[in-house]
Amino acid sequence: MKTHIAIDVGGTQLRAACYPSDSVIPLKLNKITTQSSDATPLERLTALISSIWPDGQEVAAIGLAVPGPTNPYQGIIYTAPNIPGWDNLPLVGLLQEKFNVPVFLGNDANLAALGEWQFGVGRGHHHLLYLTISTGIGGGVILDDRLLLGMHGLATELGHITLVPDGPLCGCGKRGHLEAFSSGTAIARWVEQELAAGKPSTLPSNQKLSAREISAAAQQGDALAKAAFHRAGTYLGIALANYLHAFNPSIIIFGGGVSRSGELLFAPMRAILREQVISPQYLADLTITTAALGDESGLMGALALARSGMM
(Lines give C-alpha, C1' and ligand atoms only; values in the text may rest on other atoms or scores of the structure.)
Protein backbone atom coordinates (compact mmCIF):
# COMPACT_ATOMS: atom_id res chain seq x y z
CA MET A 1 0.00 0.00 0.00
CA LYS A 2 1.26 3.45 -0.88
CA THR A 3 1.36 6.11 1.79
CA HIS A 4 1.92 9.87 1.95
CA ILE A 5 3.66 11.92 4.62
CA ALA A 6 2.32 15.35 5.58
CA ILE A 7 4.26 17.84 7.68
CA ASP A 8 3.16 21.07 9.31
CA VAL A 9 6.15 23.28 10.15
CA GLY A 10 5.73 26.01 12.75
CA GLY A 11 8.08 28.25 14.65
CA THR A 12 7.40 26.38 17.89
CA GLN A 13 6.19 22.94 16.79
CA LEU A 14 6.73 20.39 14.03
CA ARG A 15 3.90 17.95 13.28
CA ALA A 16 4.11 15.01 10.90
CA ALA A 17 1.74 12.21 9.96
CA CYS A 18 1.77 9.26 7.59
CA TYR A 19 -1.50 8.56 5.76
CA PRO A 20 -2.68 5.66 3.61
CA SER A 21 -3.59 6.60 0.06
CA ASP A 22 -7.33 6.18 0.64
CA SER A 23 -7.88 7.75 4.08
CA VAL A 24 -7.38 10.91 6.12
CA ILE A 25 -6.88 8.89 9.30
CA PRO A 26 -3.13 8.75 9.96
CA LEU A 27 -1.25 5.50 10.38
CA LYS A 28 1.30 7.34 12.50
CA LEU A 29 1.40 10.87 13.91
CA ASN A 30 4.05 12.62 15.94
CA LYS A 31 4.91 16.13 17.03
CA ILE A 32 8.01 17.72 18.55
CA THR A 33 9.25 21.21 19.32
CA THR A 34 10.91 22.95 16.40
CA GLN A 35 13.96 24.08 18.32
CA SER A 36 16.17 22.58 21.00
CA SER A 37 19.71 22.98 22.28
CA ASP A 38 20.94 19.62 20.97
CA ALA A 39 19.87 19.71 17.30
CA THR A 40 19.09 22.17 14.51
CA PRO A 41 15.49 22.57 13.29
CA LEU A 42 16.45 20.73 10.09
CA GLU A 43 17.91 17.83 12.06
CA ARG A 44 14.78 17.70 14.19
CA LEU A 45 12.60 17.71 11.07
CA THR A 46 14.45 14.80 9.47
CA ALA A 47 14.32 12.84 12.73
CA LEU A 48 10.57 13.49 12.96
CA ILE A 49 10.01 12.20 9.43
CA SER A 50 12.02 9.08 10.24
CA SER A 51 9.92 8.51 13.37
CA ILE A 52 6.68 8.19 11.40
CA TRP A 53 8.10 6.41 8.34
CA PRO A 54 5.88 3.37 7.67
CA ASP A 55 7.27 -0.13 8.08
CA GLY A 56 7.17 -2.18 4.91
CA GLN A 57 5.10 0.33 2.96
CA GLU A 58 6.06 2.65 0.12
CA VAL A 59 6.03 6.41 0.68
CA ALA A 60 4.80 8.00 -2.54
CA ALA A 61 5.58 11.62 -1.58
CA ILE A 62 6.11 14.08 1.24
CA GLY A 63 4.20 17.36 1.51
CA LEU A 64 5.22 20.25 3.76
CA ALA A 65 3.29 23.31 4.91
CA VAL A 66 5.79 25.96 5.97
CA PRO A 67 5.40 29.55 7.23
CA GLY A 68 6.64 32.56 5.34
CA PRO A 69 7.48 33.18 1.68
CA THR A 70 8.46 30.11 -0.30
CA ASN A 71 9.25 29.15 -3.87
CA PRO A 72 7.31 25.90 -4.36
CA TYR A 73 8.69 25.42 -7.86
CA GLN A 74 12.32 25.39 -6.71
CA GLY A 75 11.59 23.98 -3.27
CA ILE A 76 13.15 26.92 -1.45
CA ILE A 77 12.10 28.62 1.77
CA TYR A 78 13.04 32.28 1.38
CA THR A 79 12.60 32.95 5.08
CA ALA A 80 10.73 31.16 7.86
CA PRO A 81 9.56 33.36 10.74
CA ASN A 82 10.99 32.30 14.12
CA ILE A 83 13.17 29.51 12.69
CA PRO A 84 16.82 30.65 12.79
CA GLY A 85 18.90 29.77 9.75
CA TRP A 86 16.01 29.00 7.45
CA ASP A 87 16.81 31.68 4.91
CA ASN A 88 17.02 30.67 1.23
CA LEU A 89 16.92 27.07 2.44
CA PRO A 90 16.63 24.46 -0.37
CA LEU A 91 14.50 22.23 1.83
CA VAL A 92 12.98 20.09 -0.92
CA GLY A 93 16.39 19.15 -2.31
CA LEU A 94 17.77 18.33 1.13
CA LEU A 95 14.83 16.08 2.02
CA GLN A 96 14.73 14.36 -1.37
CA GLU A 97 18.41 13.54 -1.00
CA LYS A 98 17.80 12.19 2.50
CA PHE A 99 14.64 10.15 1.88
CA ASN A 100 14.76 9.50 -1.90
CA VAL A 101 11.08 10.28 -2.52
CA PRO A 102 9.34 13.25 -4.19
CA VAL A 103 8.94 16.22 -1.83
CA PHE A 104 6.60 19.21 -2.28
CA LEU A 105 6.34 22.33 -0.15
CA GLY A 106 4.03 25.32 0.03
CA ASN A 107 3.20 28.32 2.15
CA ASP A 108 1.02 27.28 5.08
CA ALA A 109 -1.81 29.70 4.28
CA ASN A 110 -1.91 28.54 0.65
CA LEU A 111 -2.01 24.94 1.79
CA ALA A 112 -4.73 25.67 4.33
CA ALA A 113 -6.81 26.83 1.35
CA LEU A 114 -5.91 23.63 -0.49
CA GLY A 115 -6.81 21.52 2.53
CA GLU A 116 -10.21 23.20 3.02
CA TRP A 117 -10.89 22.78 -0.69
CA GLN A 118 -10.16 19.05 -0.71
CA PHE A 119 -11.20 17.98 2.78
CA GLY A 120 -13.12 20.84 4.45
CA VAL A 121 -15.95 23.25 3.78
CA GLY A 122 -14.59 24.14 0.34
CA ARG A 123 -15.39 20.75 -1.17
CA GLY A 124 -17.41 21.09 -4.36
CA HIS A 125 -16.33 24.67 -5.03
CA HIS A 126 -14.19 25.60 -8.03
CA HIS A 127 -13.37 29.18 -6.93
CA LEU A 128 -12.34 29.58 -3.29
CA LEU A 129 -10.76 32.28 -1.15
CA TYR A 130 -9.27 31.45 2.25
CA LEU A 131 -8.18 33.95 4.91
CA THR A 132 -6.56 33.14 8.22
CA ILE A 133 -6.81 35.95 10.76
CA SER A 134 -4.55 35.50 13.73
CA THR A 135 -1.34 37.23 14.84
CA GLY A 136 -1.05 38.17 11.18
CA ILE A 137 -3.26 37.64 8.13
CA GLY A 138 -2.52 35.14 5.39
CA GLY A 139 -4.51 33.65 2.58
CA GLY A 140 -4.84 31.38 -0.38
CA VAL A 141 -6.94 31.27 -3.53
CA ILE A 142 -8.26 28.42 -5.67
CA LEU A 143 -9.33 29.53 -9.14
CA ASP A 144 -10.75 27.15 -11.72
CA ASP A 145 -9.70 24.21 -9.53
CA ARG A 146 -6.09 25.36 -9.33
CA LEU A 147 -4.13 26.80 -6.43
CA LEU A 148 -3.05 30.31 -7.43
CA LEU A 149 0.70 30.70 -6.89
CA GLY A 150 2.19 33.25 -9.29
CA MET A 151 5.57 33.36 -11.04
CA HIS A 152 7.71 32.68 -7.95
CA GLY A 153 5.03 31.15 -5.74
CA LEU A 154 4.50 34.42 -3.89
CA ALA A 155 0.94 35.20 -4.94
CA THR A 156 -2.07 35.80 -2.66
CA GLU A 157 -0.38 37.60 0.22
CA LEU A 158 -3.87 38.76 1.08
CA GLY A 159 -2.93 40.33 4.40
CA HIS A 160 -0.64 42.78 2.68
CA ILE A 161 -3.03 44.60 0.40
CA THR A 162 -2.69 48.33 1.06
CA LEU A 163 -5.85 49.99 2.35
CA VAL A 164 -4.42 53.29 3.66
CA PRO A 165 -1.01 54.28 2.19
CA ASP A 166 0.05 56.25 5.29
CA GLY A 167 -1.82 54.00 7.73
CA PRO A 168 -0.55 52.08 10.76
CA LEU A 169 2.67 50.11 10.57
CA CYS A 170 2.29 46.49 9.53
CA GLY A 171 4.37 43.64 10.88
CA CYS A 172 6.11 43.44 7.50
CA GLY A 173 7.47 46.99 7.93
CA LYS A 174 5.15 48.66 5.43
CA ARG A 175 2.16 50.85 6.26
CA GLY A 176 -1.58 50.59 5.88
CA HIS A 177 -1.91 46.89 5.05
CA LEU A 178 -5.00 44.89 5.99
CA GLU A 179 -2.90 43.07 8.58
CA ALA A 180 -2.19 46.40 10.29
CA PHE A 181 -5.95 46.93 10.80
CA SER A 182 -7.64 43.57 11.25
CA SER A 183 -5.15 41.04 12.67
CA GLY A 184 -5.24 40.10 16.32
CA THR A 185 -2.03 42.05 16.83
CA ALA A 186 -3.53 45.15 15.24
CA ILE A 187 -6.74 44.95 17.27
CA ALA A 188 -4.77 44.73 20.52
CA ARG A 189 -2.43 47.54 19.51
CA TRP A 190 -5.31 49.90 18.68
CA VAL A 191 -7.05 49.20 21.99
CA GLU A 192 -3.82 49.78 23.92
CA GLN A 193 -3.35 53.11 22.13
CA GLU A 194 -6.91 54.17 22.92
CA LEU A 195 -6.50 53.20 26.57
CA ALA A 196 -3.26 55.18 26.75
CA ALA A 197 -5.17 58.18 25.39
CA GLY A 198 -7.64 57.90 28.26
CA LYS A 199 -10.58 56.12 26.62
CA PRO A 200 -12.79 54.43 29.24
CA SER A 201 -12.94 50.64 29.25
CA THR A 202 -13.18 47.66 31.56
CA LEU A 203 -9.91 46.45 30.01
CA PRO A 204 -6.69 47.11 31.97
CA SER A 205 -4.53 49.94 30.66
CA ASN A 206 -1.26 48.80 32.21
CA GLN A 207 -0.63 45.49 30.47
CA LYS A 208 -0.38 43.84 27.08
CA LEU A 209 -3.72 42.70 25.73
CA SER A 210 -4.76 39.93 23.39
CA ALA A 211 -7.51 39.89 20.79
CA ARG A 212 -9.14 37.07 22.76
CA GLU A 213 -9.36 39.24 25.89
CA ILE A 214 -10.76 42.12 23.86
CA SER A 215 -13.31 39.82 22.22
CA ALA A 216 -14.45 38.62 25.65
CA ALA A 217 -14.81 42.23 26.85
CA ALA A 218 -16.80 43.10 23.73
CA GLN A 219 -19.13 40.17 24.37
CA GLN A 220 -19.73 41.68 27.81
CA GLY A 221 -20.66 45.03 26.26
CA ASP A 222 -17.40 46.99 26.63
CA ALA A 223 -17.75 49.91 24.20
CA LEU A 224 -14.05 50.27 23.37
CA ALA A 225 -13.66 46.54 22.72
CA LYS A 226 -16.73 46.55 20.47
CA ALA A 227 -15.35 49.57 18.60
CA ALA A 228 -12.06 47.71 18.05
CA PHE A 229 -13.79 44.81 16.32
CA HIS A 230 -16.08 47.14 14.37
CA ARG A 231 -12.97 48.91 13.05
CA ALA A 232 -11.23 45.64 12.21
CA GLY A 233 -14.33 44.23 10.54
CA THR A 234 -14.88 47.36 8.49
CA TYR A 235 -11.38 47.28 7.04
CA LEU A 236 -11.71 43.55 6.47
CA GLY A 237 -14.88 44.17 4.46
CA ILE A 238 -13.14 46.80 2.33
CA ALA A 239 -10.36 44.33 1.58
CA LEU A 240 -12.87 41.58 0.79
CA ALA A 241 -14.54 43.78 -1.82
CA ASN A 242 -11.15 44.08 -3.51
CA TYR A 243 -10.71 40.31 -3.40
CA LEU A 244 -14.19 39.73 -4.82
CA HIS A 245 -13.46 42.07 -7.70
CA ALA A 246 -10.14 40.35 -8.39
CA PHE A 247 -11.06 36.67 -7.92
CA ASN A 248 -14.90 36.33 -7.94
CA PRO A 249 -14.94 33.29 -5.60
CA SER A 250 -18.02 31.24 -4.77
CA ILE A 251 -16.89 30.73 -1.16
CA ILE A 252 -14.84 32.72 1.35
CA ILE A 253 -13.47 30.71 4.28
CA PHE A 254 -12.12 32.28 7.46
CA GLY A 255 -9.66 30.55 9.75
CA GLY A 256 -7.49 31.67 12.64
CA GLY A 257 -8.27 32.64 16.20
CA VAL A 258 -9.66 36.10 15.50
CA SER A 259 -12.35 34.62 13.25
CA ARG A 260 -13.77 32.92 16.36
CA SER A 261 -14.98 36.33 17.54
CA GLY A 262 -17.90 35.75 15.16
CA GLU A 263 -20.39 38.52 14.54
CA LEU A 264 -18.26 41.09 16.37
CA LEU A 265 -16.02 40.95 13.30
CA PHE A 266 -18.33 39.68 10.58
CA ALA A 267 -21.35 41.96 11.03
CA PRO A 268 -19.44 45.19 10.20
CA MET A 269 -17.53 43.28 7.53
CA ARG A 270 -20.72 42.28 5.71
CA ALA A 271 -22.23 45.74 6.04
CA ILE A 272 -19.32 47.53 4.37
CA LEU A 273 -18.90 44.72 1.83
CA ARG A 274 -22.39 45.35 0.48
CA GLU A 275 -21.52 49.03 0.07
CA GLN A 276 -18.14 48.46 -1.55
CA VAL A 277 -18.83 45.88 -4.28
CA ILE A 278 -19.41 47.38 -7.71
CA SER A 279 -22.21 44.93 -8.47
CA PRO A 280 -24.49 42.82 -6.25
CA GLN A 281 -23.67 39.90 -8.56
CA TYR A 282 -20.37 39.50 -6.68
CA LEU A 283 -22.44 38.54 -3.63
CA ALA A 284 -24.94 36.36 -5.49
CA ASP A 285 -24.63 32.72 -4.38
CA LEU A 286 -21.52 33.64 -2.35
CA THR A 287 -20.92 31.53 0.77
CA ILE A 288 -19.04 33.16 3.66
CA THR A 289 -18.13 30.69 6.38
CA THR A 290 -15.49 29.57 8.86
CA ALA A 291 -12.92 26.83 8.35
CA ALA A 292 -13.71 23.24 9.24
CA LEU A 293 -10.20 21.85 9.70
CA GLY A 294 -9.00 24.10 12.50
CA ASP A 295 -5.55 23.14 13.77
CA GLU A 296 -5.44 20.32 11.21
CA SER A 297 -5.41 22.72 8.23
CA GLY A 298 -1.63 22.60 7.86
CA LEU A 299 -1.43 18.80 7.90
CA MET A 300 -4.46 18.41 5.64
CA GLY A 301 -3.09 20.93 3.17
CA ALA A 302 0.28 19.20 3.17
CA LEU A 303 -1.48 15.87 2.60
CA ALA A 304 -3.44 17.29 -0.33
CA LEU A 305 -0.18 18.61 -1.77
CA ALA A 306 1.64 15.29 -1.31
CA ARG A 307 -1.16 13.41 -3.01
CA SER A 308 -1.58 15.76 -5.94
CA GLY A 309 1.79 17.49 -6.30
CA MET A 310 -0.33 20.41 -7.49
CA MET A 311 1.94 23.36 -7.91
# chains A, B, ... in the order shown; residues from 1 in each chain; ligands from 1
$ select_by_dssp --residues "range 38-287 of chain A" --states "strand (DSSP E)" --output "ChimeraX atom specification"
/A:58-66,70-71,76-79,87-89,103-107,128-133,137-143,146-147,251-255,287
$ residues_around --residues "Ile5 in chain A" --least-positions-apart "6" --cutoff "9 Å" --atoms "only C-alpha atoms" --output "list of chain:residue names"
A:Ala16, A:Ala17, A:Cys18, A:Tyr19, A:Pro20, A:Ile49, A:Ile52, A:Trp53, A:Val59, A:Ala60, A:Ala61, A:Ile62, A:Gly63, A:Leu64, A:Ala302, A:Leu303, A:Ala306
$ closest_residue --among "A:Ser51, A:Gln118, A:Asn71, A:Gln207" --to "Gly106 in chain A" --atoms "only C-alpha atoms"
A:Asn71
$ residues_around --residues "Ala186 in chain A" --least-positions-apart "6" --cutoff "9 Å" --atoms "only C-alpha atoms" --output "mmCIF file with N, CA and C atoms, in the first residue's frame"
data_model
loop_
_atom_site.group_PDB
_atom_site.id
_atom_site.type_symbol
_atom_site.label_atom_id
_atom_site.label_comp_id
_atom_site.auth_asym_id
_atom_site.auth_seq_id
_atom_site.Cartn_x
_atom_site.Cartn_y
_atom_site.Cartn_z
ATOM 1 N N THR A 135 -2.374 36.230 14.557
ATOM 2 C CA THR A 135 -1.339 37.234 14.838
ATOM 3 C C THR A 135 -1.113 38.109 13.616
ATOM 4 N N GLY A 136 -1.083 37.477 12.460
ATOM 5 C CA GLY A 136 -1.050 38.166 11.175
ATOM 6 C C GLY A 136 -2.242 37.740 10.346
ATOM 7 N N PRO A 168 -1.380 52.647 9.694
ATOM 8 C CA PRO A 168 -0.546 52.078 10.755
ATOM 9 C C PRO A 168 0.494 51.109 10.216
ATOM 10 N N CYS A 170 2.570 47.924 9.600
ATOM 11 C CA CYS A 170 2.294 46.494 9.529
ATOM 12 C C CYS A 170 3.499 45.721 10.070
ATOM 13 N N GLU A 179 -3.403 43.673 7.349
ATOM 14 C CA GLU A 179 -2.897 43.072 8.581
ATOM 15 C C GLU A 179 -2.701 44.102 9.686
ATOM 16 N N ALA A 180 -2.406 45.343 9.300
ATOM 17 C CA ALA A 180 -2.195 46.402 10.289
ATOM 18 C C ALA A 180 -3.499 46.927 10.865
ATOM 19 N N ALA A 211 -6.227 39.764 21.482
ATOM 20 C CA ALA A 211 -7.510 39.890 20.791
ATOM 21 C C ALA A 211 -8.571 39.034 21.474
ATOM 22 N N ALA A 232 -11.908 46.737 12.907
ATOM 23 C CA ALA A 232 -11.229 45.639 12.214
ATOM 24 C C ALA A 232 -12.129 45.015 11.157
#
$ closest_residue --among "A:Lys199, A:His125, A:Arg212, A:Lys226" --to "Ile252 in chain A" --atoms "only C-alpha atoms"
A:His125
$ residues_around --residues "Leu178 in chain A" --least-positions-apart "4" --cutoff "7 Å" --atoms "only C-alpha atoms" --output "ChimeraX atom specification"
/A:159-163,182,235-236,239
